[in-house]
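Q: Sharing protein-v3.cif here; it has mmCIF, N, CA and C atoms.
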```cif
data_protein
#
loop_
_atom_site.label_atom_id
_atom_site.label_comp_id
_atom_site.auth_asym_id
_atom_site.auth_seq_id
_atom_site.Cartn_x
_atom_site.Cartn_y
_atom_site.Cartn_z
N ASP A 1 -6.20 2.45 -14.67
CA ASP A 1 -5.14 1.92 -13.84
C ASP A 1 -5.53 2.00 -12.37
N ILE A 2 -4.96 1.13 -11.60
CA ILE A 2 -5.20 1.11 -10.16
C ILE A 2 -3.87 1.29 -9.43
N VAL A 3 -3.87 2.16 -8.44
CA VAL A 3 -2.70 2.40 -7.61
C VAL A 3 -3.04 1.92 -6.21
N ALA A 4 -2.25 0.99 -5.69
CA ALA A 4 -2.44 0.51 -4.32
C ALA A 4 -1.55 1.33 -3.39
N CYS A 5 -2.06 1.56 -2.21
CA CYS A 5 -1.33 2.35 -1.23
C CYS A 5 -1.22 1.54 0.06
N TYR A 6 0.00 1.29 0.50
CA TYR A 6 0.27 0.52 1.71
C TYR A 6 0.85 1.49 2.73
N ILE A 7 -0.05 2.24 3.38
CA ILE A 7 0.37 3.36 4.23
C ILE A 7 -0.64 3.53 5.37
N SER A 8 -0.16 4.00 6.49
CA SER A 8 -1.05 4.23 7.64
C SER A 8 -1.87 5.50 7.42
N ASN A 9 -2.81 5.74 8.33
CA ASN A 9 -3.63 6.95 8.26
C ASN A 9 -2.74 8.15 8.57
N ARG A 10 -2.45 8.92 7.56
CA ARG A 10 -1.61 10.10 7.71
C ARG A 10 -1.90 11.04 6.56
N LYS A 11 -1.46 12.28 6.68
CA LYS A 11 -1.77 13.27 5.66
C LYS A 11 -1.22 12.89 4.30
N GLU A 12 -0.10 12.19 4.25
CA GLU A 12 0.47 11.79 2.97
C GLU A 12 -0.46 10.87 2.19
N ALA A 13 -1.26 10.08 2.90
CA ALA A 13 -2.23 9.20 2.24
C ALA A 13 -3.28 10.02 1.50
N VAL A 14 -3.68 11.14 2.08
CA VAL A 14 -4.64 12.02 1.41
C VAL A 14 -4.01 12.64 0.17
N PHE A 15 -2.76 13.05 0.26
CA PHE A 15 -2.07 13.63 -0.90
C PHE A 15 -1.95 12.60 -2.02
N ILE A 16 -1.62 11.37 -1.66
CA ILE A 16 -1.52 10.30 -2.66
C ILE A 16 -2.88 10.05 -3.30
N TYR A 17 -3.91 9.99 -2.48
CA TYR A 17 -5.27 9.77 -2.97
C TYR A 17 -5.66 10.85 -3.99
N LEU A 18 -5.42 12.10 -3.66
CA LEU A 18 -5.77 13.19 -4.57
C LEU A 18 -4.93 13.14 -5.85
N ALA A 19 -3.66 12.80 -5.74
CA ALA A 19 -2.81 12.70 -6.92
C ALA A 19 -3.27 11.57 -7.84
N VAL A 20 -3.63 10.44 -7.25
CA VAL A 20 -4.11 9.30 -8.05
C VAL A 20 -5.40 9.67 -8.78
N LEU A 21 -6.32 10.30 -8.08
CA LEU A 21 -7.57 10.71 -8.71
C LEU A 21 -7.34 11.75 -9.80
N SER A 22 -6.38 12.63 -9.61
CA SER A 22 -6.13 13.69 -10.60
C SER A 22 -5.63 13.15 -11.93
N ILE A 23 -5.04 11.96 -11.94
CA ILE A 23 -4.59 11.37 -13.21
C ILE A 23 -5.61 10.38 -13.76
N GLY A 24 -6.75 10.28 -13.09
CA GLY A 24 -7.82 9.42 -13.58
C GLY A 24 -7.68 7.96 -13.20
N ALA A 25 -6.82 7.65 -12.25
CA ALA A 25 -6.64 6.26 -11.83
C ALA A 25 -7.53 5.98 -10.62
N LYS A 26 -7.63 4.71 -10.27
CA LYS A 26 -8.38 4.29 -9.09
C LYS A 26 -7.40 4.06 -7.94
N PHE A 27 -7.88 4.33 -6.75
CA PHE A 27 -7.07 4.23 -5.54
C PHE A 27 -7.57 3.07 -4.69
N GLY A 28 -6.66 2.24 -4.24
CA GLY A 28 -7.01 1.17 -3.31
C GLY A 28 -6.02 1.18 -2.17
N GLY A 29 -6.52 1.32 -0.97
CA GLY A 29 -5.62 1.42 0.17
C GLY A 29 -5.71 0.22 1.09
N HIS A 30 -4.63 -0.02 1.80
CA HIS A 30 -4.59 -1.09 2.79
C HIS A 30 -3.77 -0.61 3.98
N GLN A 31 -4.29 -0.83 5.16
CA GLN A 31 -3.57 -0.45 6.38
C GLN A 31 -2.40 -1.39 6.62
N PRO A 32 -1.26 -0.87 6.99
CA PRO A 32 -0.07 -1.72 7.18
C PRO A 32 0.03 -2.38 8.55
N TYR A 33 -1.05 -2.46 9.29
CA TYR A 33 -1.00 -3.06 10.62
C TYR A 33 -1.02 -4.58 10.58
N PHE A 34 -1.38 -5.14 9.44
CA PHE A 34 -1.48 -6.59 9.31
C PHE A 34 -0.16 -7.13 8.78
N GLY A 35 0.00 -8.43 8.84
CA GLY A 35 1.23 -9.05 8.37
C GLY A 35 1.34 -9.07 6.86
N ALA A 36 2.47 -9.54 6.39
CA ALA A 36 2.77 -9.56 4.96
C ALA A 36 1.77 -10.40 4.18
N GLN A 37 1.35 -11.53 4.72
CA GLN A 37 0.43 -12.42 4.00
C GLN A 37 -0.93 -11.76 3.80
N GLN A 38 -1.48 -11.16 4.84
CA GLN A 38 -2.78 -10.51 4.71
C GLN A 38 -2.70 -9.31 3.78
N ALA A 39 -1.65 -8.53 3.91
CA ALA A 39 -1.48 -7.38 3.03
C ALA A 39 -1.35 -7.83 1.58
N SER A 40 -0.58 -8.87 1.37
CA SER A 40 -0.37 -9.40 0.03
C SER A 40 -1.69 -9.88 -0.58
N ASN A 41 -2.49 -10.60 0.20
CA ASN A 41 -3.78 -11.09 -0.29
C ASN A 41 -4.70 -9.96 -0.72
N ILE A 42 -4.80 -8.94 0.09
CA ILE A 42 -5.69 -7.82 -0.21
C ILE A 42 -5.18 -7.03 -1.41
N ILE A 43 -3.90 -6.70 -1.42
CA ILE A 43 -3.35 -5.91 -2.52
C ILE A 43 -3.40 -6.69 -3.83
N GLN A 44 -3.17 -7.99 -3.77
CA GLN A 44 -3.22 -8.82 -4.97
C GLN A 44 -4.62 -8.80 -5.59
N LYS A 45 -5.65 -8.79 -4.78
CA LYS A 45 -7.03 -8.76 -5.28
C LYS A 45 -7.36 -7.44 -5.98
N LEU A 46 -6.67 -6.37 -5.60
CA LEU A 46 -6.89 -5.08 -6.26
C LEU A 46 -6.35 -5.06 -7.69
N LYS A 47 -5.36 -5.91 -7.96
CA LYS A 47 -4.67 -5.95 -9.25
C LYS A 47 -4.11 -4.58 -9.64
N PRO A 48 -3.32 -3.98 -8.75
CA PRO A 48 -2.80 -2.64 -9.04
C PRO A 48 -1.64 -2.69 -10.03
N LYS A 49 -1.48 -1.59 -10.72
CA LYS A 49 -0.33 -1.44 -11.61
C LYS A 49 0.85 -0.86 -10.83
N PHE A 50 0.54 -0.06 -9.81
CA PHE A 50 1.57 0.59 -9.01
C PHE A 50 1.27 0.40 -7.52
N LEU A 51 2.32 0.41 -6.72
CA LEU A 51 2.19 0.30 -5.27
C LEU A 51 3.02 1.40 -4.63
N ILE A 52 2.38 2.18 -3.77
CA ILE A 52 3.07 3.22 -3.01
C ILE A 52 3.04 2.79 -1.55
N ALA A 53 4.20 2.80 -0.91
CA ALA A 53 4.29 2.32 0.47
C ALA A 53 5.26 3.18 1.27
N ILE A 54 5.11 3.10 2.59
CA ILE A 54 6.07 3.74 3.48
C ILE A 54 6.95 2.65 4.07
N ASP A 55 8.15 3.02 4.50
CA ASP A 55 9.07 2.01 5.01
C ASP A 55 8.76 1.61 6.45
N HIS A 56 8.29 2.55 7.26
CA HIS A 56 7.94 2.23 8.65
C HIS A 56 7.07 3.34 9.22
N HIS A 57 6.42 3.04 10.31
CA HIS A 57 5.69 4.05 11.06
C HIS A 57 5.51 3.54 12.48
N SER A 58 5.10 4.43 13.37
CA SER A 58 4.84 4.02 14.75
C SER A 58 3.42 4.43 15.13
N ASP A 59 2.83 3.63 15.98
CA ASP A 59 1.48 3.91 16.45
C ASP A 59 1.42 3.51 17.92
N ASP A 60 1.10 4.46 18.76
CA ASP A 60 1.07 4.24 20.22
C ASP A 60 2.37 3.64 20.73
N GLY A 61 3.49 4.10 20.18
CA GLY A 61 4.80 3.64 20.62
C GLY A 61 5.26 2.33 20.04
N VAL A 62 4.43 1.71 19.21
CA VAL A 62 4.79 0.44 18.58
C VAL A 62 5.31 0.73 17.17
N GLU A 63 6.49 0.20 16.86
CA GLU A 63 7.09 0.40 15.53
C GLU A 63 6.61 -0.68 14.56
N PHE A 64 6.19 -0.26 13.39
CA PHE A 64 5.81 -1.17 12.31
C PHE A 64 6.80 -0.97 11.17
N HIS A 65 7.42 -2.04 10.72
CA HIS A 65 8.41 -1.97 9.64
C HIS A 65 7.80 -2.55 8.37
N ASN A 66 7.09 -1.71 7.66
CA ASN A 66 6.36 -2.12 6.46
C ASN A 66 7.28 -2.60 5.36
N ILE A 67 8.48 -2.09 5.31
CA ILE A 67 9.40 -2.44 4.23
C ILE A 67 9.69 -3.94 4.19
N GLU A 68 9.57 -4.60 5.34
CA GLU A 68 9.82 -6.04 5.39
C GLU A 68 8.75 -6.84 4.64
N SER A 69 7.56 -6.26 4.46
CA SER A 69 6.47 -6.94 3.75
C SER A 69 6.53 -6.73 2.24
N LEU A 70 7.24 -5.72 1.79
CA LEU A 70 7.20 -5.36 0.37
C LEU A 70 7.72 -6.43 -0.58
N PRO A 71 8.79 -7.17 -0.26
CA PRO A 71 9.21 -8.22 -1.20
C PRO A 71 8.13 -9.27 -1.44
N LYS A 72 7.43 -9.68 -0.39
CA LYS A 72 6.35 -10.67 -0.55
C LYS A 72 5.20 -10.08 -1.35
N ILE A 73 4.81 -8.86 -1.04
CA ILE A 73 3.70 -8.23 -1.75
C ILE A 73 4.02 -8.10 -3.23
N SER A 74 5.20 -7.62 -3.55
CA SER A 74 5.56 -7.43 -4.96
C SER A 74 5.68 -8.77 -5.69
N LYS A 75 6.19 -9.79 -5.02
CA LYS A 75 6.31 -11.12 -5.64
C LYS A 75 4.94 -11.73 -5.91
N ASP A 76 4.00 -11.52 -5.00
CA ASP A 76 2.67 -12.12 -5.10
C ASP A 76 1.69 -11.31 -5.96
N THR A 77 2.10 -10.15 -6.43
CA THR A 77 1.20 -9.28 -7.20
C THR A 77 1.75 -9.10 -8.61
N PRO A 78 1.40 -10.01 -9.52
CA PRO A 78 1.97 -9.96 -10.88
C PRO A 78 1.53 -8.75 -11.70
N SER A 79 0.47 -8.07 -11.28
CA SER A 79 0.01 -6.92 -12.05
C SER A 79 0.89 -5.68 -11.86
N LEU A 80 1.76 -5.69 -10.84
CA LEU A 80 2.64 -4.53 -10.60
C LEU A 80 3.65 -4.39 -11.73
N GLU A 81 3.89 -3.16 -12.12
CA GLU A 81 4.86 -2.90 -13.20
C GLU A 81 6.15 -2.40 -12.64
#
```
Rewrite the structure from the file as structure tokens, please.
A:
Amino acid sequence: DIVACYISNRKEAVFIYLAVLSIGAKFGGHQPYFGAQQASNIIQKLKPKFLIAIDHHSDDGVEFHNIESLPKISKDTPSLE
């Protein structure tokens, strides 16, 4: 199985990575700095069974609202369960 992670560089990403590896799955990550279309294209190519994402984060004072991209990503990724 493949688990996709739509999360910024943070300690939680490392915890997710270790948890995914501990169950014998593969980890595929994507940075949430890009728009919904780019994120969807990359995650779709991974063909993940699961997607772990954060709702928002800030970087250098700029707010990113990742949750707005999730409907498109989930719709465009038929392998998600």
Q: Taking only C-alpha atoms into account, which of A:Asp55, A:Pro48, A:Ser40, A:Phe64 comes nearest Asp76 (chain A)?
A: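 Of all the options, A:Ser40 lies closest to Asp76 (chain A).
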Q: Go through A:Ile67, A:Ala36, A:Ile23, A:Ile54 and flag the residue nearest Ile7 (chain A), using all atoms listed in the file for the distances.
A: A:Ile54
Q: I need the residues of chain A that end up classed as strand (DSSP E or B) by DSSP on the backbone, written out as a PyMOL selection string.
A: chain A and resi 2-6+26-30+50-53+57-59+62-64
Q: Residues within 6.5 Å of Lys49 (chain A), please, as JSON, numbers by chain. Count all atoms listed in the file; anything in the same chain fewer than 4 positions from it doesn't count.
A: {"A": [1, 2, 3, 4, 79, 80, 81]}
Q: Excluding Ser8 (chain A) and residues on its chain fewer than 6 positions from it, collect all residues at most 9 Å away from it, counting only C-alpha atoms, and give them as a PDB file with N, CA and C atoms, in the frame of the given file.
A:
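Output (part39.pdb):
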```pdb
ATOM      1  N   HIS A  30      -4.630  -0.020   1.800  1.00  0.00           N
ATOM      2  CA  HIS A  30      -4.590  -1.090   2.790  1.00  0.00           C
ATOM      3  C   HIS A  30      -3.770  -0.610   3.980  1.00  0.00           C
ATOM      4  N   GLN A  31      -4.290  -0.830   5.160  1.00  0.00           N
ATOM      5  CA  GLN A  31      -3.570  -0.450   6.380  1.00  0.00           C
ATOM      6  C   GLN A  31      -2.400  -1.390   6.620  1.00  0.00           C
ATOM      7  N   PRO A  32      -1.260  -0.870   6.990  1.00  0.00           N
ATOM      8  CA  PRO A  32      -0.070  -1.720   7.180  1.00  0.00           C
ATOM      9  C   PRO A  32       0.030  -2.380   8.550  1.00  0.00           C
ATOM     10  N   TYR A  33      -1.050  -2.460   9.290  1.00  0.00           N
ATOM     11  CA  TYR A  33      -1.000  -3.060  10.620  1.00  0.00           C
ATOM     12  C   TYR A  33      -1.020  -4.580  10.580  1.00  0.00           C
ATOM     13  N   ILE A  54       5.110   3.100   2.590  1.00  0.00           N
ATOM     14  CA  ILE A  54       6.070   3.740   3.480  1.00  0.00           C
ATOM     15  C   ILE A  54       6.950   2.650   4.070  1.00  0.00           C
ATOM     16  N   HIS A  57       6.420   3.040  10.310  1.00  0.00           N
ATOM     17  CA  HIS A  57       5.690   4.050  11.060  1.00  0.00           C
ATOM     18  C   HIS A  57       5.510   3.540  12.480  1.00  0.00           C
TER      19      HIS A  57
END
```
Q: Between CA of Lys26 (chain A) and CA of His56 (chain A), what distance in Å does the model show, to one decimal?
A: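 Those two atoms sit 24.2 Å apart.
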Q: Quick one: of A:Pro71, A:Pro78, A:Gly24, A:Gly29, who's nearest to Gln44 (chain A), counting only N, CA and C atoms?
A: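 Looking only at the distances to Gln44 (chain A), the closest residue turns out to be A:Pro78.
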Q: When DSSP is applied to the backbone of this structure, which of chain A are assigned alpha helix (DSSP H)? Write them out as a ChimeraX atom specification.
A: /A:11-22,36-46,70-76
Q: Select, from A:Val62, A:Ala19, A:Gly35, A:Ala53, the residue with the minimum atom-to-atom distance to Cys5 (chain A), counting only N, CA and C atoms.
A: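 The shortest atom-to-atom distance to Cys5 (chain A) comes from A:Ala53.
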Q: Can you work out the spacing between CA of Lys72 (chain A) and atom C of Ala39 (chain A) in Å, to one decimal?
A: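 Distance reported for this atom pair: 8.5 Å.
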Q: Which of these residues is nearest to Ile43 (chain A), using all atoms listed in the file: A:Ser58, A:Lys11, A:Asn66, A:Ile73?
A: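 When distances to Ile43 (chain A) are compared using all atoms listed in the file, the smallest one comes from A:Ile73.
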Q: Suppose you want the space between CA of Ile52 (chain A) and CA of Tyr6 (chain A); what is it in Å?
A: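 A separation of 6.1 Å between them.
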